Amino acid sequence: MMHRNRVRCALLAAVFCAVLSAPGLSAAPTQASLDLMPLPANIVLGTGWLALKPEFSFAFTGYKDPRLERAVRRAADRIAARTGIPLAIAAAADPSQAFLQIDCGAAGLPVQTFEEDESYVLTIDASRAVLRAPNPLGILRGLETLQQLLALGPDGVHFPEVDIKDAPRFRWRGLLIDVCRHWIPAEVIKRNLDAMAAVKLNVLHWHLSEDQGFRVESKKYPRLHGMGSDGLYYTQEEIRAIIDYARDRGIRVIPEFDMPGHSTAWFVGYPELASAPGPYEIERHYGVFKPTMDPTREETFKFLDGFIGEMARLFPDPLFHIGGDEVEGHQWEESPSIKAFKTAHGMKTNEDLQAYFNKRIQVILKKNGKRMVGWDEILHEDLPRDTVVQSWRGQESLARAAKQGFAGILSNGYYIDLMYSAAAHYAVDPLEKEAASLSEAEKALILGGEACMWAELINPETVDSRIWPRMAAIAERFWSPQETKDVADMYRRLEIMNSRLDWTGATHNLSYPKMLERLAGKEGAIEAVKLLADFVEPLRGYSRHDSREYSQTTPLNRMADAARPESFAVRAFAGMVDGMLSDAPAFSRNRREIRHRLMTWKANHESIKALAANSALLAEVLPLSERLAALADAGLTALQSLESGQPLPNGWLEEKAALFQALEKAPYELELMVVEPIRKIAEAAQKR
Ligand code: ACM
């Protein structure tokens, strides 16, 4: 792919059939009331409820430490915030009477690893909740499940009686955030760490250097951030604070410094590292660029030895990502000295030279106690087998690595910058396709997966809405049993998670009305704009990149930036239409609502036109609004025909054909998502 240019959920039916509601209490919990995401491995549901008490007493009956105490307080604080009930959060005088008992087996490791057990058992009965885990990570995961179980019933706020035994399917459940193409400040990282913890993710892969920016303070080589970042970088103090913040939430922070390609920003301050003479400037455009480190000069490795040594001390995680993707090659091919070096060392290809570079880097990493991670391109027979491969190319490449004895993770299929649906990502499994035929020992090398939030078309205002809520569906793929595949139920729970994630501080919902107000060009006037924006989605894949020449300074304030990658309103409308067309009772139930919706769209264009007269941002999408109105008009005609039994005029559908065709050009970089459902109404009417 062109980079950026480009249960076993033991929800046994029998359990639910056996559930009887106790008289006088709210209805007993059912499967539908367990809105958990990711779904736990095993759930046995009881018949009653544990009521939330204002005196939220807790007790540690096993190991405890400040991290666990902070986690309990955080969970209780969020429960208080969500319910609006001020909780008197305090350690219980008599631990056996505590509302929440925490029984942790032992201390966690000083630096989190994948060997740490994340399992937990959560038992809730009518008198208390008991959370047990072998170590703190399991307690952290269980506290998130407890919060997700919180429900509002007619008698107040409560938790269902339940017995959950849970453990992750994969050890590595990550999210990459690119902070280079666009700068993402520390507070944005922190709120996303809270959201990640809510869905039990355990790795933040921090993409920290690129052609477009070098984002970490280096005390040893201050021109890296000093000249390569426009002043937009994390101080070492900020980095340490984020690592601590992540650790509190059971999340590892794995830094990536992309080398030897994707490295223009390094050369602004240190042009001598490059394979061709400078000067260099921070790259403002996107793609794969020529500047590449020179692996033939000893000074390059001396520099990298100093740099990696400094970063190895700053980032405690034993894994260190060196990138290694998309080495462009021209600078190596055009340099006489590099060509001579290759010949002298019997290297035929640039891949051979990159393998030499990687081996040298691996020695530096090992000296610093680090294990190397890199993208597919680093895979080479000569590398030590503790190297980890991150596959952006797919299961085939992951399987090939595993067969050679390399551990790996899957990212292909989880590029959330490409705006695919949650269902599309949910369908991707690190252990399927080519990986399915691996031996058990080889399968054990597949550690999990990571979603990638590349940042060409995002900024601090939009990043959350490009991660959430779709990331929650991917998190379920990484955590829950492989058989967890009910897409309709995933969407039902995802919609609930979408709202719950607001409580983590993620701004995916909060930013939407603000951006719509900007489009409207008028304070308080978002209704008409929302009617349109709710039913469009940004172009998928690399189509937006193909539509115009994006750069770091292109404003991301258009409807394509405000619109959700996957709109719940679109799904709801499509479902309503499918329902209406499926049987007579549903027809009479849904048609009024559908007619109302179509009439609203038809009338909405006048409001959009009026607003667009004063908003260039909205004027851009006038053709979309006009098309929506025309589709709504056609839909009303078809619906009228269905309701009255009066056939449509001869040739009507043919006349409307253009309306239902995909547009060849969409300069506004959006797709109108109601074409398909309205076409279905029209075709049903035509068939009469
Ligand atoms: C990549 O997408 N080049 C890692």
# chains A, B, ... in the order shown; residues from 1 in each chain; ligands from 1

call {"tool": "closest_atom_pairs", "arguments": {"of": "chain A", "to": "ligand 1", "cutoff": "12 Å", "atoms": "only C-alpha atoms and all ligand atoms", "output": "JSON lines"}}
result
{"residue": "A:Met1", "atom": "CA", "partner": "ligand 1", "partner_atom_place_in_ligand_line": "2 (O)", "distance": 7.4}
{"residue": "A:Met2", "atom": "CA", "partner": "ligand 1", "partner_atom_place_in_ligand_line": "3 (N)", "distance": 7.5}
{"residue": "A:His3", "atom": "CA", "partner": "ligand 1", "partner_atom_place_in_ligand_line": "2 (O)", "distance": 4.8}
{"residue": "A:Arg4", "atom": "CA", "partner": "ligand 1", "partner_atom_place_in_ligand_line": "2 (O)", "distance": 7.0}
{"residue": "A:Asn5", "atom": "CA", "partner": "ligand 1", "partner_atom_place_in_ligand_line": "2 (O)", "distance": 10.0}
{"residue": "A:Arg6", "atom": "CA", "partner": "ligand 1", "partner_atom_place_in_ligand_line": "2 (O)", "distance": 10.5}
{"residue": "A:Leu176", "atom": "CA", "partner": "ligand 1", "partner_atom_place_in_ligand_line": "4 (C)", "distance": 10.3}
{"residue": "A:Ile177", "atom": "CA", "partner": "ligand 1", "partner_atom_place_in_ligand_line": "4 (C)", "distance": 11.9}
{"residue": "A:Asp178", "atom": "CA", "partner": "ligand 1", "partner_atom_place_in_ligand_line": "4 (C)", "distance": 10.7}
{"residue": "A:His207", "atom": "CA", "partner": "ligand 1", "partner_atom_place_in_ligand_line": "4 (C)", "distance": 10.2}
{"residue": "A:Glu210", "atom": "CA", "partner": "ligand 1", "partner_atom_place_in_ligand_line": "3 (N)", "distance": 11.2}
{"residue": "A:Glu256", "atom": "CA", "partner": "ligand 1", "partner_atom_place_in_ligand_line": "4 (C)", "distance": 11.0}
{"residue": "A:Asp258", "atom": "CA", "partner": "ligand 1", "partner_atom_place_in_ligand_line": "4 (C)", "distance": 9.5}
{"residue": "A:Met259", "atom": "CA", "partner": "ligand 1", "partner_atom_place_in_ligand_line": "4 (C)", "distance": 11.6}
{"residue": "A:Gly261", "atom": "CA", "partner": "ligand 1", "partner_atom_place_in_ligand_line": "3 (N)", "distance": 10.2}
{"residue": "A:His262", "atom": "CA", "partner": "ligand 1", "partner_atom_place_in_ligand_line": "3 (N)", "distance": 9.1}
{"residue": "A:Tyr286", "atom": "CA", "partner": "ligand 1", "partner_atom_place_in_ligand_line": "3 (N)", "distance": 11.8}
{"residue": "A:Gly287", "atom": "CA", "partner": "ligand 1", "partner_atom_place_in_ligand_line": "3 (N)", "distance": 9.6}
{"residue": "A:Val288", "atom": "CA", "partner": "ligand 1", "partner_atom_place_in_ligand_line": "3 (N)", "distance": 8.8}
{"residue": "A:Phe289", "atom": "CA", "partner": "ligand 1", "partner_atom_place_in_ligand_line": "3 (N)", "distance": 12.0}
{"residue": "A:His321", "atom": "CA", "partner": "ligand 1", "partner_atom_place_in_ligand_line": "4 (C)", "distance": 11.4}
{"residue": "A:Ile322", "atom": "CA", "partner": "ligand 1", "partner_atom_place_in_ligand_line": "4 (C)", "distance": 11.0}
{"residue": "A:Gly323", "atom": "CA", "partner": "ligand 1", "partner_atom_place_in_ligand_line": "4 (C)", "distance": 7.4}
{"residue": "A:Gly324", "atom": "CA", "partner": "ligand 1", "partner_atom_place_in_ligand_line": "4 (C)", "distance": 8.3}
{"residue": "A:Asp325", "atom": "CA", "partner": "ligand 1", "partner_atom_place_in_ligand_line": "3 (N)", "distance": 5.1}
{"residue": "A:Glu326", "atom": "CA", "partner": "ligand 1", "partner_atom_place_in_ligand_line": "3 (N)", "distance": 5.9}
{"residue": "A:Val327", "atom": "CA", "partner": "ligand 1", "partner_atom_place_in_ligand_line": "3 (N)", "distance": 9.4}
{"residue": "A:Glu328", "atom": "CA", "partner": "ligand 1", "partner_atom_place_in_ligand_line": "3 (N)", "distance": 11.2}
{"residue": "A:Gly374", "atom": "CA", "partner": "ligand 1", "partner_atom_place_in_ligand_line": "4 (C)", "distance": 8.9}
{"residue": "A:Trp375", "atom": "CA", "partner": "ligand 1", "partner_atom_place_in_ligand_line": "4 (C)", "distance": 6.0}
{"residue": "A:Asp376", "atom": "CA", "partner": "ligand 1", "partner_atom_place_in_ligand_line": "4 (C)", "distance": 8.1}
{"residue": "A:Glu377", "atom": "CA", "partner": "ligand 1", "partner_atom_place_in_ligand_line": "3 (N)", "distance": 9.1}
{"residue": "A:Ile378", "atom": "CA", "partner": "ligand 1", "partner_atom_place_in_ligand_line": "4 (C)", "distance": 11.3}
{"residue": "A:Val389", "atom": "CA", "partner": "ligand 1", "partner_atom_place_in_ligand_line": "4 (C)", "distance": 11.1}
{"residue": "A:Gln390", "atom": "CA", "partner": "ligand 1", "partner_atom_place_in_ligand_line": "4 (C)", "distance": 8.3}
{"residue": "A:Ser391", "atom": "CA", "partner": "ligand 1", "partner_atom_place_in_ligand_line": "4 (C)", "distance": 7.9}
{"residue": "A:Trp392", "atom": "CA", "partner": "ligand 1", "partner_atom_place_in_ligand_line": "4 (C)", "distance": 5.6}
{"residue": "A:Arg393", "atom": "CA", "partner": "ligand 1", "partner_atom_place_in_ligand_line": "2 (O)", "distance": 8.1}
{"residue": "A:Gly394", "atom": "CA", "partner": "ligand 1", "partner_atom_place_in_ligand_line": "2 (O)", "distance": 11.2}
{"residue": "A:Leu410", "atom": "CA", "partner": "ligand 1", "partner_atom_place_in_ligand_line": "4 (C)", "distance": 11.1}
{"residue": "A:Ser411", "atom": "CA", "partner": "ligand 1", "partner_atom_place_in_ligand_line": "4 (C)", "distance": 8.6}
{"residue": "A:Asn412", "atom": "CA", "partner": "ligand 1", "partner_atom_place_in_ligand_line": "2 (O)", "distance": 8.5}
{"residue": "A:Gly413", "atom": "CA", "partner": "ligand 1", "partner_atom_place_in_ligand_line": "2 (O)", "distance": 11.1}
{"residue": "A:Tyr414", "atom": "CA", "partner": "ligand 1", "partner_atom_place_in_ligand_line": "2 (O)", "distance": 10.7}
{"residue": "A:Tyr415", "atom": "CA", "partner": "ligand 1", "partner_atom_place_in_ligand_line": "2 (O)", "distance": 8.4}
{"residue": "A:Ile416", "atom": "CA", "partner": "ligand 1", "partner_atom_place_in_ligand_line": "2 (O)", "distance": 11.5}
{"residue": "A:Asp417", "atom": "CA", "partner": "ligand 1", "partner_atom_place_in_ligand_line": "2 (O)", "distance": 10.7}
{"residue": "A:Leu418", "atom": "CA", "partner": "ligand 1", "partner_atom_place_in_ligand_line": "2 (O)", "distance": 11.4}
{"residue": "A:Glu450", "atom": "CA", "partner": "ligand 1", "partner_atom_place_in_ligand_line": "4 (C)", "distance": 11.4}
{"residue": "A:Ala451", "atom": "CA", "partner": "ligand 1", "partner_atom_place_in_ligand_line": "2 (O)", "distance": 11.1}
{"residue": "A:Cys452", "atom": "CA", "partner": "ligand 1", "partner_atom_place_in_ligand_line": "2 (O)", "distance": 8.5}
{"residue": "A:Met453", "atom": "CA", "partner": "ligand 1", "partner_atom_place_in_ligand_line": "2 (O)", "distance": 10.3}
{"residue": "A:Trp454", "atom": "CA", "partner": "ligand 1", "partner_atom_place_in_ligand_line": "2 (O)", "distance": 8.4}
{"residue": "A:Ala455", "atom": "CA", "partner": "ligand 1", "partner_atom_place_in_ligand_line": "2 (O)", "distance": 11.5}
{"residue": "A:Glu456", "atom": "CA", "partner": "ligand 1", "partner_atom_place_in_ligand_line": "2 (O)", "distance": 12.0}

call {"tool": "closest_atom_pairs", "arguments": {"of": "range 117-188 of chain A", "to": "range 460-476 of chain A", "cutoff": "9 Å", "atoms": "only C-alpha atoms", "output": "tab-separated table"}}
result
residue	atom	partner	partner_atom	distance
A:Arg173	CA	A:Ala475	CA	6.8
A:Gly174	CA	A:Ala475	CA	8.2
A:Leu175	CA	A:Met471	CA	8.4
A:His182	CA	A:Pro460	CA	8.1
A:Trp183	CA	A:Pro460	CA	7.5
A:Ile184	CA	A:Pro460	CA	5.6
A:Pro185	CA	A:Pro460	CA	7.3
A:Val188	CA	A:Pro460	CA	6.7

call {"tool": "write_last_selection", "arguments": {"atoms": "N, CA, C and O atoms", "output": "compact mmCIF listing (two decimals), in the first residue's frame"}}
result
# COMPACT_ATOMS: atom_id res chain seq x y z
N ARG A 173 -2.37 -5.22 22.49
CA ARG A 173 -3.59 -4.60 21.97
C ARG A 173 -3.32 -3.09 21.91
O ARG A 173 -3.46 -2.38 22.89
N GLY A 174 -2.92 -2.65 20.73
CA GLY A 174 -2.36 -1.31 20.69
C GLY A 174 -3.08 -0.29 19.82
O GLY A 174 -3.93 -0.62 18.99
N LEU A 175 -2.68 0.94 20.04
CA LEU A 175 -3.10 2.06 19.20
C LEU A 175 -1.85 2.90 18.91
O LEU A 175 -1.15 3.30 19.84
N HIS A 182 0.67 15.94 12.04
CA HIS A 182 0.09 17.05 12.80
C HIS A 182 0.48 16.88 14.26
O HIS A 182 0.49 15.76 14.77
N TRP A 183 0.76 17.97 14.90
CA TRP A 183 1.14 17.96 16.31
C TRP A 183 -0.06 17.63 17.18
O TRP A 183 -1.14 18.21 17.00
N ILE A 184 0.13 16.70 18.10
CA ILE A 184 -0.93 16.30 19.03
C ILE A 184 -0.40 16.56 20.45
O ILE A 184 0.48 15.84 20.93
N PRO A 185 -0.92 17.58 21.14
CA PRO A 185 -0.37 17.95 22.45
C PRO A 185 -0.61 16.88 23.54
O PRO A 185 -1.46 16.01 23.38
N VAL A 188 -4.09 15.86 24.83
CA VAL A 188 -4.88 15.05 23.89
C VAL A 188 -4.48 13.58 24.01
O VAL A 188 -5.31 12.68 23.98

call {"tool": "select_by_dssp", "arguments": {"residues": "range 180-423 of chain A", "states": "strand (DSSP E or B)", "output": "ChimeraX atom specification"}}
result
/A:203-210,213-214,216,234,252-257,274,285,293,319-321,371-375,388-391,407-410,415

call {"tool": "select_by_dssp", "arguments": {"residues": "range 386-476 of chain A", "states": "helix (DSSP H, G or I)", "output": "PyMOL selection string"}}
result
chain A and resi 395-403+416-418+422-426+433-437+440-443+463-467+470-476

call {"tool": "write_last_selection", "arguments": {"atoms": "C-alpha atoms", "output": "PDB file, in the first residue's frame"}}
result
ATOM      1  CA  GLN A 395      -1.385 -11.650   7.537  1.00  0.00           C
ATOM      2  CA  GLU A 396       0.737 -13.153   4.755  1.00  0.00           C
ATOM      3  CA  SER A 397       3.763 -11.137   5.788  1.00  0.00           C
ATOM      4  CA  LEU A 398       2.997 -11.757   9.472  1.00  0.00           C
ATOM      5  CA  ALA A 399       2.795 -15.514   8.836  1.00  0.00           C
ATOM      6  CA  ARG A 400       6.060 -15.452   6.890  1.00  0.00           C
ATOM      7  CA  ALA A 401       7.756 -13.734   9.829  1.00  0.00           C
ATOM      8  CA  ALA A 402       6.308 -16.254  12.298  1.00  0.00           C
ATOM      9  CA  LYS A 403       7.560 -19.144  10.157  1.00  0.00           C
ATOM     10  CA  ILE A 416      -8.303   3.944  11.121  1.00  0.00           C
ATOM     11  CA  ASP A 417      -7.163   7.020   9.166  1.00  0.00           C
ATOM     12  CA  LEU A 418      -8.739   5.402   6.090  1.00  0.00           C
ATOM     13  CA  ALA A 422     -16.148  -0.509  12.433  1.00  0.00           C
ATOM     14  CA  ALA A 423     -17.506  -3.697  10.827  1.00  0.00           C
ATOM     15  CA  ALA A 424     -14.698  -3.716   8.250  1.00  0.00           C
ATOM     16  CA  HIS A 425     -12.047  -3.520  10.985  1.00  0.00           C
ATOM     17  CA  TYR A 426     -13.945  -5.950  13.221  1.00  0.00           C
ATOM     18  CA  LYS A 433      -6.202 -15.773   6.476  1.00  0.00           C
ATOM     19  CA  GLU A 434      -2.569 -16.884   5.968  1.00  0.00           C
ATOM     20  CA  ALA A 435      -1.985 -16.920   9.747  1.00  0.00           C
ATOM     21  CA  ALA A 436      -4.715 -19.539  10.244  1.00  0.00           C
ATOM     22  CA  SER A 437      -2.539 -22.327   8.847  1.00  0.00           C
ATOM     23  CA  GLU A 440       0.432 -23.678  17.330  1.00  0.00           C
ATOM     24  CA  ALA A 441       4.010 -22.662  18.152  1.00  0.00           C
ATOM     25  CA  GLU A 442       4.054 -20.197  15.256  1.00  0.00           C
ATOM     26  CA  LYS A 443       0.628 -18.838  16.209  1.00  0.00           C
ATOM     27  CA  VAL A 463      -8.285  13.082  16.206  1.00  0.00           C
ATOM     28  CA  ASP A 464     -10.666  11.718  18.861  1.00  0.00           C
ATOM     29  CA  SER A 465     -13.515  11.417  16.346  1.00  0.00           C
ATOM     30  CA  ARG A 466     -11.265   9.460  14.002  1.00  0.00           C
ATOM     31  CA  ILE A 467     -10.268   7.044  16.797  1.00  0.00           C
ATOM     32  CA  ARG A 470     -14.489   2.603  15.987  1.00  0.00           C
ATOM     33  CA  MET A 471     -11.406   1.756  18.040  1.00  0.00           C
ATOM     34  CA  ALA A 472     -13.636   0.082  20.631  1.00  0.00           C
ATOM     35  CA  ALA A 473     -14.693  -2.513  18.042  1.00  0.00           C
ATOM     36  CA  ILE A 474     -11.043  -3.198  17.225  1.00  0.00           C
ATOM     37  CA  ALA A 475     -10.251  -3.445  20.937  1.00  0.00           C
ATOM     38  CA  GLU A 476     -12.921  -6.143  21.172  1.00  0.00           C
TER      39      GLU A 476
END

call {"tool": "residues_around", "arguments": {"residues": "Arg385 in chain A", "least_positions_apart": "5", "cutoff": "12 Å", "atoms": "only C-alpha atoms", "output": "list in words"}}
result
Lys359, Gln362, Arg371, Met372, Val373, Leu379, His380, Ala401, Ala402, Lys403, Gln404, Gly405, Phe406, Ala407, Gly408 and Leu445 of chain A

call {"tool": "write_last_selection", "arguments": {"atoms": "N, CA, C and O atoms", "output": "short mmCIF file (atom, residue, chain, number, x, y, z; two decimals), in the first residue's frame"}}
result
data_model
loop_
_atom_site.label_atom_id
_atom_site.label_comp_id
_atom_site.auth_asym_id
_atom_site.auth_seq_id
_atom_site.Cartn_x
_atom_site.Cartn_y
_atom_site.Cartn_z
N LYS A 359 20.92 -4.22 11.51
CA LYS A 359 21.76 -5.05 12.39
C LYS A 359 22.61 -4.17 13.30
O LYS A 359 22.79 -4.46 14.48
N GLN A 362 20.32 -2.74 15.88
CA GLN A 362 19.92 -3.79 16.84
C GLN A 362 20.99 -3.96 17.92
O GLN A 362 20.67 -4.14 19.10
N ARG A 371 14.58 -4.34 22.98
CA ARG A 371 14.24 -5.30 21.94
C ARG A 371 13.69 -4.50 20.75
O ARG A 371 12.85 -3.62 20.93
N MET A 372 14.14 -4.85 19.55
CA MET A 372 13.79 -4.05 18.37
C MET A 372 12.42 -4.42 17.80
O MET A 372 12.10 -5.59 17.65
N VAL A 373 11.64 -3.40 17.46
CA VAL A 373 10.39 -3.58 16.73
C VAL A 373 10.50 -2.76 15.45
O VAL A 373 11.07 -1.66 15.46
N LEU A 379 12.16 -7.13 8.13
CA LEU A 379 12.26 -8.59 8.20
C LEU A 379 13.46 -9.08 7.38
O LEU A 379 13.56 -8.80 6.19
N HIS A 380 14.38 -9.77 8.00
CA HIS A 380 15.57 -10.26 7.31
C HIS A 380 16.11 -11.47 8.08
O HIS A 380 16.16 -11.46 9.31
N ALA A 401 6.87 -14.07 8.72
CA ALA A 401 7.76 -13.73 9.83
C ALA A 401 7.69 -14.81 10.91
O ALA A 401 8.72 -15.26 11.42
N ALA A 402 6.47 -15.24 11.25
CA ALA A 402 6.31 -16.25 12.30
C ALA A 402 7.00 -17.56 11.90
O ALA A 402 7.62 -18.22 12.73
N LYS A 403 6.91 -17.91 10.62
CA LYS A 403 7.56 -19.14 10.16
C LYS A 403 9.08 -19.06 10.30
O LYS A 403 9.75 -20.06 10.48
N GLN A 404 9.59 -17.82 10.22
CA GLN A 404 11.03 -17.65 10.41
C GLN A 404 11.40 -17.49 11.89
O GLN A 404 12.57 -17.29 12.22
N GLY A 405 10.37 -17.52 12.74
CA GLY A 405 10.65 -17.45 14.18
C GLY A 405 10.54 -16.07 14.79
O GLY A 405 10.92 -15.86 15.94
N PHE A 406 9.98 -15.09 14.02
CA PHE A 406 9.83 -13.73 14.56
C PHE A 406 8.43 -13.53 15.14
O PHE A 406 7.44 -13.91 14.52
N ALA A 407 8.38 -12.88 16.29
CA ALA A 407 7.08 -12.47 16.83
C ALA A 407 6.55 -11.31 16.00
O ALA A 407 7.33 -10.58 15.36
N GLY A 408 5.23 -11.14 16.00
CA GLY A 408 4.69 -10.05 15.20
C GLY A 408 3.32 -9.61 15.67
O GLY A 408 2.66 -10.26 16.48
N LEU A 445 3.51 -16.84 18.32
CA LEU A 445 4.38 -15.68 18.04
C LEU A 445 3.57 -14.46 17.61
O LEU A 445 4.09 -13.34 17.55
#

call {"tool": "residues_around", "arguments": {"residues": "range 355-357 of chain A", "least_positions_apart": "2", "cutoff": "10 Å", "atoms": "only C-alpha atoms", "output": "list in words"}}
result
Met259, Pro260, Met293, Asp294, Pro295, Thr296, Thr300, Phe301, Gly324, His345, Met347, Thr349, Asn350, Glu351, Asp352, Leu353, Lys359, Arg360, Ile361, Gln362, Glu377, Ile378, Leu379, His380, Glu381, Asp382 and Leu383 of chain A

call {"tool": "atom_distance", "arguments": {"atom1": "CA of Phe320 in chain A", "atom2": "CA of Val363 in chain A"}}
result
12.5 Å

call {"tool": "residues_around", "arguments": {"residues": "Met559 in chain A", "least_positions_apart": "3", "cutoff": "12 Å", "atoms": "only C-alpha atoms", "output": "ChimeraX atom specification"}}
result
/A:462,512-520,529-530,532-539,555-556,562-565,615-622,624-625,667-672

call {"tool": "closest_atom_pairs", "arguments": {"of": "range 172-248 of chain A", "to": "range 89-112 of chain A", "cutoff": "12 Å", "atoms": "only C-alpha atoms", "output": "CSV"}}
result
residue,atom,partner,partner_atom,distance
A:Trp172,CA,A:Gln112,CA,11.7
A:Asn202,CA,A:Gln112,CA,9.5
A:Val203,CA,A:Gln112,CA,10.1
A:Ile243,CA,A:Val111,CA,10.5
A:Asp244,CA,A:Val111,CA,10.5
A:Ala246,CA,A:Gln112,CA,10.5
A:Arg247,CA,A:Gln112,CA,7.7
A:Asp248,CA,A:Gln112,CA,10.6

call {"tool": "closest_residue", "arguments": {"among": "A:Glu144, A:Asp230, A:Glu432, A:Asp583", "to": "Ile79 in chain A", "atoms": "only C-alpha atoms"}}
result
A:Glu144

call {"tool": "closest_residue", "arguments": {"among": "A:Ala572, A:Ile608, A:Met599, A:Leu45", "to": "Glu161 in chain A", "atoms": "only C-alpha atoms"}}
result
A:Leu45

call {"tool": "residues_around", "arguments": {"residues": "Gly278 in chain A", "least_positions_apart": "6", "cutoff": "8 Å", "atoms": "only C-alpha atoms", "output": "NGL selection string"}}
result
:A and (267 or 271-272)

call {"tool": "write_last_selection", "arguments": {"atoms": "C-alpha atoms", "output": "compact mmCIF listing (two decimals), in the first residue's frame"}}
result
# COMPACT_ATOMS: atom_id res chain seq x y z
CA PHE A 267 18.29 16.42 8.95
CA PRO A 271 22.18 17.34 7.71
CA GLU A 272 25.34 15.22 8.02
